Structure formats: structure tokens, C-alpha cells
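What follows is structure-v1.pdb (PDB, C-alpha atoms, pLDDT in the B column).
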ATOM      1  CA  MET A   1      45.193  38.162   0.692  1.00 79.00           C
ATOM      2  CA  LYS A   2      44.624  34.559  -0.366  1.00 90.00           C
ATOM      3  CA  TYR A   3      43.769  33.338  -3.837  1.00 90.00           C
ATOM      4  CA  ASN A   4      40.538  31.730  -2.662  1.00 88.00           C
ATOM      5  CA  ASP A   5      39.444  34.935  -0.901  1.00 88.00           C
ATOM      6  CA  LEU A   6      39.439  37.036  -4.081  1.00 88.00           C
ATOM      7  CA  GLN A   7      36.084  38.493  -5.042  1.00 86.00           C
ATOM      8  CA  VAL A   8      35.846  37.924  -8.794  1.00 84.00           C
ATOM      9  CA  ASN A   9      33.243  39.577 -10.981  1.00 84.00           C
ATOM     10  CA  LYS A  10      32.881  38.627 -14.624  1.00 80.00           C
ATOM     11  CA  ASN A  11      33.889  41.369 -17.034  1.00 84.00           C
ATOM     12  CA  THR A  12      31.566  40.444 -19.914  1.00 82.00           C
ATOM     13  CA  ARG A  13      27.830  40.853 -20.154  1.00 81.00           C
ATOM     14  CA  SER A  14      25.594  37.969 -21.065  1.00 82.00           C
ATOM     15  CA  THR A  15      25.062  37.750 -24.818  1.00 84.00           C
ATOM     16  CA  ARG A  16      21.752  39.060 -26.134  1.00 87.00           C
ATOM     17  CA  ALA A  17      21.041  36.952 -29.189  1.00 88.00           C
ATOM     18  CA  GLY A  18      19.082  38.268 -32.168  1.00 87.00           C
ATOM     19  CA  ARG A  19      19.656  42.025 -31.660  1.00 90.00           C
ATOM     20  CA  GLY A  20      21.028  43.002 -35.065  1.00 88.00           C
ATOM     21  CA  ILE A  21      24.028  42.093 -37.237  1.00 86.00           C
ATOM     22  CA  SER A  22      26.551  44.225 -35.344  1.00 85.00           C
ATOM     23  CA  ALA A  23      25.591  42.746 -31.952  1.00 83.00           C
ATOM     24  CA  GLY A  24      27.715  39.635 -32.546  1.00 83.00           C
ATOM     25  CA  ARG A  25      24.856  37.137 -32.299  1.00 87.00           C
ATOM     26  CA  GLY A  26      22.408  38.865 -34.610  1.00 88.00           C
ATOM     27  CA  LYS A  27      20.375  37.720 -37.604  1.00 88.00           C
ATOM     28  CA  THR A  28      20.377  33.898 -37.234  1.00 89.00           C
ATOM     29  CA  ALA A  29      21.420  34.188 -33.556  1.00 89.00           C
ATOM     30  CA  GLY A  30      23.593  31.086 -33.588  1.00 88.00           C
ATOM     31  CA  ARG A  31      20.900  28.788 -35.009  1.00 89.00           C
ATOM     32  CA  GLY A  32      22.543  28.360 -38.390  1.00 88.00           C
ATOM     33  CA  THR A  33      20.487  28.936 -41.509  1.00 88.00           C
ATOM     34  CA  LYS A  34      17.029  27.554 -42.170  1.00 89.00           C
ATOM     35  CA  GLY A  35      15.771  24.129 -41.193  1.00 85.00           C
ATOM     36  CA  GLN A  36      13.508  22.871 -38.469  1.00 84.00           C
ATOM     37  CA  LYS A  37      15.896  23.684 -35.621  1.00 84.00           C
ATOM     38  CA  ALA A  38      16.280  27.273 -36.801  1.00 88.00           C
ATOM     39  CA  ARG A  39      12.551  27.911 -36.345  1.00 88.00           C
ATOM     40  CA  THR A  40      10.769  28.717 -33.116  1.00 87.00           C
ATOM     41  CA  GLY A  41       8.994  25.865 -31.364  1.00 84.00           C
ATOM     42  CA  HIS A  42      11.518  23.204 -32.381  1.00 81.00           C
ATOM     43  CA  ARG A  43      12.086  22.255 -28.752  1.00 82.00           C
ATOM     44  CA  LYS A  44       8.534  20.875 -28.553  1.00 85.00           C
ATOM     45  CA  MET A  45       9.340  17.882 -30.769  1.00 83.00           C
ATOM     46  CA  PRO A  46       8.456  14.552 -29.131  1.00 84.00           C
ATOM     47  CA  ALA A  47      11.249  12.413 -27.697  1.00 83.00           C
ATOM     48  CA  GLY A  48      12.670  10.168 -30.387  1.00 83.00           C
ATOM     49  CA  PHE A  49      11.514  12.453 -33.240  1.00 84.00           C
ATOM     50  CA  MET A  50      13.905  12.125 -36.157  1.00 85.00           C
ATOM     51  CA  GLY A  51      12.886  14.959 -38.468  1.00 81.00           C
ATOM     52  CA  GLY A  52       9.954  13.190 -40.117  1.00 82.00           C
ATOM     53  CA  GLN A  53      11.894   9.977 -40.644  1.00 88.00           C
ATOM     54  CA  ARG A  54      10.436   6.918 -38.910  1.00 88.00           C
ATOM     55  CA  ALA A  55      11.518   7.011 -35.259  1.00 87.00           C
ATOM     56  CA  ILE A  56      13.803   4.313 -33.889  1.00 85.00           C
ATOM     57  CA  MET A  57      11.152   2.958 -31.523  1.00 86.00           C
ATOM     58  CA  GLN A  58       8.809   2.458 -34.452  1.00 86.00           C
ATOM     59  CA  ALA A  59      11.481   0.784 -36.569  1.00 86.00           C
ATOM     60  CA  VAL A  60      12.481  -1.776 -33.928  1.00 86.00           C
ATOM     61  CA  PRO A  61      10.268  -4.886 -34.050  1.00 83.00           C
ATOM     62  CA  LYS A  62       8.128  -5.599 -31.032  1.00 81.00           C
ATOM     63  CA  LEU A  63       8.028  -8.914 -29.206  1.00 79.00           C
ATOM     64  CA  LYS A  64       4.664 -10.555 -28.667  1.00 82.00           C
ATOM     65  CA  GLY A  65       3.336 -10.655 -25.128  1.00 83.00           C
ATOM     66  CA  PHE A  66       5.404  -9.610 -22.150  1.00 80.00           C
ATOM     67  CA  LYS A  67       7.941 -11.125 -19.810  1.00 81.00           C
ATOM     68  CA  SER A  68       6.843 -11.280 -16.201  1.00 83.00           C
ATOM     69  CA  LEU A  69       9.380 -10.474 -13.510  1.00 87.00           C
ATOM     70  CA  HIS A  70       7.576 -12.691 -10.989  1.00 87.00           C
ATOM     71  CA  ALA A  71       8.877 -16.217 -10.569  1.00 86.00           C
ATOM     72  CA  LYS A  72       6.321 -18.833 -11.593  1.00 90.00           C
ATOM     73  CA  ALA A  73       4.981 -21.198  -8.987  1.00 92.00           C
ATOM     74  CA  GLN A  74       6.121 -24.811  -9.173  1.00 94.00           C
ATOM     75  CA  ASN A  75       3.128 -27.093  -9.671  1.00 95.00           C
ATOM     76  CA  VAL A  76       2.518 -30.298  -7.738  1.00 95.00           C
ATOM     77  CA  TYR A  77      -0.381 -32.592  -8.640  1.00 95.00           C
ATOM     78  CA  THR A  78      -2.536 -34.300  -6.033  1.00 93.00           C
ATOM     79  CA  ASP A  79      -2.011 -37.831  -7.440  1.00 93.00           C
ATOM     80  CA  ARG A  80       1.758 -37.452  -6.782  1.00 93.00           C
ATOM     81  CA  LEU A  81       1.049 -36.852  -3.065  1.00 92.00           C
ATOM     82  CA  ASN A  82      -0.332 -40.393  -2.466  1.00 91.00           C
ATOM     83  CA  ASP A  83       3.190 -41.685  -1.658  1.00 89.00           C
ATOM     84  CA  LEU A  84       3.557 -39.154   1.186  1.00 90.00           C
ATOM     85  CA  SER A  85       2.015 -38.985   4.643  1.00 87.00           C
ATOM     86  CA  GLY A  86       2.027 -36.679   7.653  1.00 90.00           C
ATOM     87  CA  LYS A  87       3.148 -33.059   7.456  1.00 93.00           C
ATOM     88  CA  ILE A  88       4.243 -31.959   3.977  1.00 93.00           C
ATOM     89  CA  ASP A  89       5.991 -28.663   3.246  1.00 93.00           C
ATOM     90  CA  ASN A  90       8.279 -27.252   0.558  1.00 94.00           C
ATOM     91  CA  PHE A  91      11.333 -29.074   1.916  1.00 94.00           C
ATOM     92  CA  THR A  92       9.545 -32.439   1.963  1.00 93.00           C
ATOM     93  CA  LEU A  93       8.417 -31.939  -1.630  1.00 94.00           C
ATOM     94  CA  ALA A  94      11.970 -30.963  -2.675  1.00 94.00           C
ATOM     95  CA  ASP A  95      13.479 -34.017  -0.932  1.00 94.00           C
ATOM     96  CA  ARG A  96      11.082 -36.310  -2.813  1.00 93.00           C
ATOM     97  CA  GLY A  97      11.929 -34.615  -6.136  1.00 93.00           C
ATOM     98  CA  LEU A  98       8.449 -33.193  -6.741  1.00 93.00           C
ATOM     99  CA  ILE A  99       9.778 -29.628  -6.937  1.00 94.00           C
ATOM    100  CA  GLU A 100      13.211 -28.281  -7.881  1.00 93.00           C
ATOM    101  CA  ASN A 101      13.662 -25.553  -5.291  1.00 91.00           C
ATOM    102  CA  PRO A 102      12.212 -25.473  -1.757  1.00 93.00           C
ATOM    103  CA  TYR A 103      12.534 -21.663  -1.680  1.00 94.00           C
ATOM    104  CA  ALA A 104      10.105 -21.157  -4.585  1.00 93.00           C
ATOM    105  CA  LYS A 105       6.311 -20.753  -4.612  1.00 94.00           C
ATOM    106  CA  VAL A 106       4.442 -24.066  -4.724  1.00 95.00           C
ATOM    107  CA  LYS A 107       0.905 -24.634  -5.962  1.00 95.00           C
ATOM    108  CA  VAL A 108      -0.999 -27.882  -5.573  1.00 95.00           C
ATOM    109  CA  ILE A 109      -3.377 -28.698  -8.433  1.00 96.00           C
ATOM    110  CA  THR A 110      -5.975 -31.456  -8.704  1.00 95.00           C
ATOM    111  CA  ARG A 111      -5.200 -34.415 -10.954  1.00 93.00           C
ATOM    112  CA  GLY A 112      -6.332 -37.947 -10.276  1.00 90.00           C
ATOM    113  CA  ASP A 113      -7.437 -39.214  -6.858  1.00 91.00           C
ATOM    114  CA  LEU A 114      -5.874 -38.427  -3.503  1.00 92.00           C
ATOM    115  CA  THR A 115      -6.157 -41.178  -0.898  1.00 91.00           C
ATOM    116  CA  ALA A 116      -3.363 -40.306   1.569  1.00 90.00           C
ATOM    117  CA  LYS A 117      -4.133 -38.394   4.740  1.00 92.00           C
ATOM    118  CA  ILE A 118      -1.744 -35.439   4.662  1.00 93.00           C
ATOM    119  CA  GLU A 119      -1.204 -32.115   6.386  1.00 94.00           C
ATOM    120  CA  LEU A 120      -0.173 -29.849   3.504  1.00 94.00           C
ATOM    121  CA  GLU A 121       1.617 -26.559   4.183  1.00 95.00           C
ATOM    122  CA  THR A 122       2.358 -24.742   0.915  1.00 94.00           C
ATOM    123  CA  GLN A 123       1.817 -21.308  -0.586  1.00 95.00           C
ATOM    124  CA  PHE A 124      -1.108 -22.065  -2.908  1.00 95.00           C
ATOM    125  CA  ALA A 125      -3.620 -24.793  -3.687  1.00 95.00           C
ATOM    126  CA  SER A 126      -6.598 -24.875  -6.005  1.00 95.00           C
ATOM    127  CA  LYS A 127     -10.078 -25.039  -4.456  1.00 96.00           C
ATOM    128  CA  THR A 128     -10.642 -28.535  -5.808  1.00 95.00           C
ATOM    129  CA  ALA A 129      -7.241 -29.660  -4.440  1.00 95.00           C
ATOM    130  CA  ILE A 130      -8.146 -28.371  -0.960  1.00 95.00           C
ATOM    131  CA  ALA A 131     -11.489 -30.202  -1.212  1.00 95.00           C
ATOM    132  CA  ALA A 132      -9.699 -33.435  -2.234  1.00 94.00           C
ATOM    133  CA  ILE A 133      -7.245 -33.128   0.688  1.00 94.00           C
ATOM    134  CA  LYS A 134     -10.081 -32.595   3.189  1.00 95.00           C
ATOM    135  CA  LYS A 135     -12.074 -35.460   1.661  1.00 94.00           C
ATOM    136  CA  ALA A 136      -9.086 -37.764   2.245  1.00 93.00           C
ATOM    137  CA  GLY A 137      -9.031 -36.643   5.906  1.00 93.00           C
ATOM    138  CA  GLY A 138      -6.150 -34.208   5.661  1.00 93.00           C
ATOM    139  CA  SER A 139      -5.754 -30.457   6.038  1.00 94.00           C
ATOM    140  CA  PHE A 140      -4.300 -27.516   4.092  1.00 95.00           C
ATOM    141  CA  LYS A 141      -2.534 -24.526   5.607  1.00 95.00           C
ATOM    142  CA  LYS A 142      -1.312 -21.568   3.552  1.00 95.00           C
ATOM    143  CA  VAL A 143       2.205 -20.509   4.590  1.00 95.00           C
ATOM    144  CA  ALA A 144       4.756 -17.956   3.399  1.00 94.00           C
ATOM    145  CA  ILE A 145       7.627 -18.857   1.095  1.00 93.00           C
ATOM    146  CA  PRO A 146      10.536 -20.158   3.219  1.00 91.00           C
ATOM    147  CA  GLN A 147      13.391 -17.660   3.470  1.00 91.00           C
ATOM    148  CA  ARG A 148      17.003 -18.663   3.000  1.00 87.00           C
ATOM    149  CA  ILE A 149      19.068 -18.340   6.146  1.00 84.00           C
ATOM    150  CA  ALA A 150      22.386 -16.588   5.560  1.00 78.00           C
ATOM    151  CA  GLU A 151      25.289 -18.765   6.635  1.00 76.00           C
ATOM    152  CA  LYS A 152      27.862 -17.167   8.895  1.00 72.00           C
ATOM    153  CA  THR A 153      31.410 -17.588   7.664  1.00 71.00           C
ATOM    154  CA  ALA A 154      33.905 -18.895  10.214  1.00 65.00           C
ATOM    155  CA  GLU A 155      36.828 -16.567  10.701  1.00 59.00           C
TER     156      GLU A 155
END

Show me the file's structure as C-alpha cells.
Amino acid sequence: MKYNDLQVNKNTRSTRAGRGISAGRGKTAGRGTKGQKARTGHRKMPAGFMGGQRAIMQAVPKLKGFKSLHAKAQNVYTDRLNDLSGKIDNFTLADRGLIENPYAKVKVITRGDLTAKIELETQFASKTAIAAIKKAGGSFKKVAIPQRIAEKTAE
């Protein structure tokens, strides 16, 4: 016979609450005396209910608006593109200091006149910006955000 092979049965019955004073859990049946939690239906209180006192989520002040989890697109204006020529992508714009991060979304917006003939490859452009690029003899192509390439560590 091993200790883990023993068949153990519990010797006590489950307690039947509220079956008279001599039953051990009679009368108040372990709920204490009076009060909201002693009554039936107290488990249906809404989450955060504090006994009629103002709930914590009502007491905490709310902030106006909301905070978006999406990264904002970096804006580039068409008049800043006059210095450039040829194919322009996120890396070209980052090298020239027009955007901070080449791995972020870029949107081209119309401002001023565009005279340079460029082939623009970014994520977004306004309709008027695309029209200005085509009017100057260039083209616009929508591309995905460039992905960072993980560097392999030399061992």
C-alpha cells in the first residue's frame, strides 16, 4: 500500500445553511446580521457599486477626448519637394531631413507650387497633391510602410 494509492472519502457532510439554530449554520446562515449583504439578491449589485456611495469610476475625473494608439503620419508639403528630383521614398525624405523616421507613415499635402518632376513613393498623399505631382510631370505610387530588417549578431 502506498500513500498516494489510498482511497480517501471525506467524513463530513456539506453544510446546509439556514436550517434552524441547532444546525450550526442556522438563523443568519453565516451572513452576519442585517445590512445589504445579508439580504437576498445582493450579488446582483453592479460592478463598482459601493453601497449607495458614489462609485470610484464616477469620482475619478475624466480626460477630454481620447488617445489614439495609432502612430500619426508625418506630413510633407509639396513646396518642400521642389529641391528633390527622381525617385523619392521614405528614406530619401529622411536623408533630406523632411521627416524624422523613415519607418513611419508619410503623407504628402499640398502647399505652394510644385515644379519638380518627381516619382513619389509614399504611403499617403492628398488628392490635390497627387494632381500637383502629375501636373508637374511626375507620378505617385502608394507603397507599404518600410519594415525594419533585423540585424544578425556576429558570434

Taking the file as shown, what set of residues would the PyMOL selection byres ((chain A and resi 99) around 12) give back, as JSON, numbers by chain? {"A": [73, 74, 75, 76, 77, 80, 81, 89, 90, 91, 92, 93, 94, 95, 96, 97, 98, 100, 101, 102, 103, 104, 105, 106, 107, 108, 122]}

Centre and size of axis-aligned box enclosing range 10-14 of chain A plus 4 Å each side, as AutoDock Vina command-line options:
--center_x 29.7 --center_y 39.7 --center_z -17.8 --size_x 16.3 --size_y 11.4 --size_z 14.4

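In this structure, CA of Gly65 in chain A sits 23.4 Å away from CA of Gly48 in chain A.
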
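The space separating CA of Glu119 in chain A from CA of Ala71 in chain A comes to 25.3 Å.
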
Have a look at CA of Arg111 in chain A and CA of Lys127 in chain A and let me know their distance in Å, one decimal. 12.4 Å

Set the distance at 7 Å and use all atoms listed in the file: which residues neighbour Leu120 in chain A once local chain neighbours fewer than 2 positions away are removed? I'd like the list as JSON, numbers by chain. {"A": [87, 88, 89, 118, 122, 139, 140, 141]}

Residues within 9 Å of Arg16 in chain A, only C-alpha atoms, excluding chain neighbours under 5 positions, as an MDAnalysis selection string: chainID A and resid 23:26 29

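Using all atoms listed in the file, the protein and nucleic acid residues lying no more than 10 Å from Thr110 in chain A, apart from those fewer than 6 places from it along its own chain, are Val76, Tyr77, Thr78, Asp79, Arg80, Ala125, Ser126, Lys127, Thr128, Ala129, Ile130, Ala131, Ala132 and Ile133 of chain A.
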
Taking C-alpha atoms for each residue, export the selection above as a PDB file, keeping the file's coordinate frame.
ATOM      1  CA  VAL A  76       2.518 -30.298  -7.738  1.00 95.00           C
ATOM      2  CA  TYR A  77      -0.381 -32.592  -8.640  1.00 95.00           C
ATOM      3  CA  THR A  78      -2.536 -34.300  -6.033  1.00 93.00           C
ATOM      4  CA  ASP A  79      -2.011 -37.831  -7.440  1.00 93.00           C
ATOM      5  CA  ARG A  80       1.758 -37.452  -6.782  1.00 93.00           C
ATOM      6  CA  ALA A 125      -3.620 -24.793  -3.687  1.00 95.00           C
ATOM      7  CA  SER A 126      -6.598 -24.875  -6.005  1.00 95.00           C
ATOM      8  CA  LYS A 127     -10.078 -25.039  -4.456  1.00 96.00           C
ATOM      9  CA  THR A 128     -10.642 -28.535  -5.808  1.00 95.00           C
ATOM     10  CA  ALA A 129      -7.241 -29.660  -4.440  1.00 95.00           C
ATOM     11  CA  ILE A 130      -8.146 -28.371  -0.960  1.00 95.00           C
ATOM     12  CA  ALA A 131     -11.489 -30.202  -1.212  1.00 95.00           C
ATOM     13  CA  ALA A 132      -9.699 -33.435  -2.234  1.00 94.00           C
ATOM     14  CA  ILE A 133      -7.245 -33.128   0.688  1.00 94.00           C
TER      15      ILE A 133
END

Which is closer to Ser85 in chain A than all the others in A:Lys2, A:Lys152, A:Lys67, A:Lys117, using only C-alpha atoms? A:Lys117

When you count all atoms listed in the file, which of these residues is closest to Thr40 in chain A: A:Gln7, A:Asn82, A:Thr15, A:Thr28? A:Thr28

Neighbouring residues of Gln123 in chain A were defined as those with any atom within 6 Å, considering all atoms listed in the file; residues of the same chain fewer than 6 positions away were excluded. Please report them as a list in words. Val106, Lys142, Val143 and Ala144 of chain A

Contacts of Met50 in chain A at 12 Å or less, counting only C-alpha atoms, minus same-chain residues fewer than 6 places along, as a PyMOL selection string? chain A and resi 36-37+42+56-59
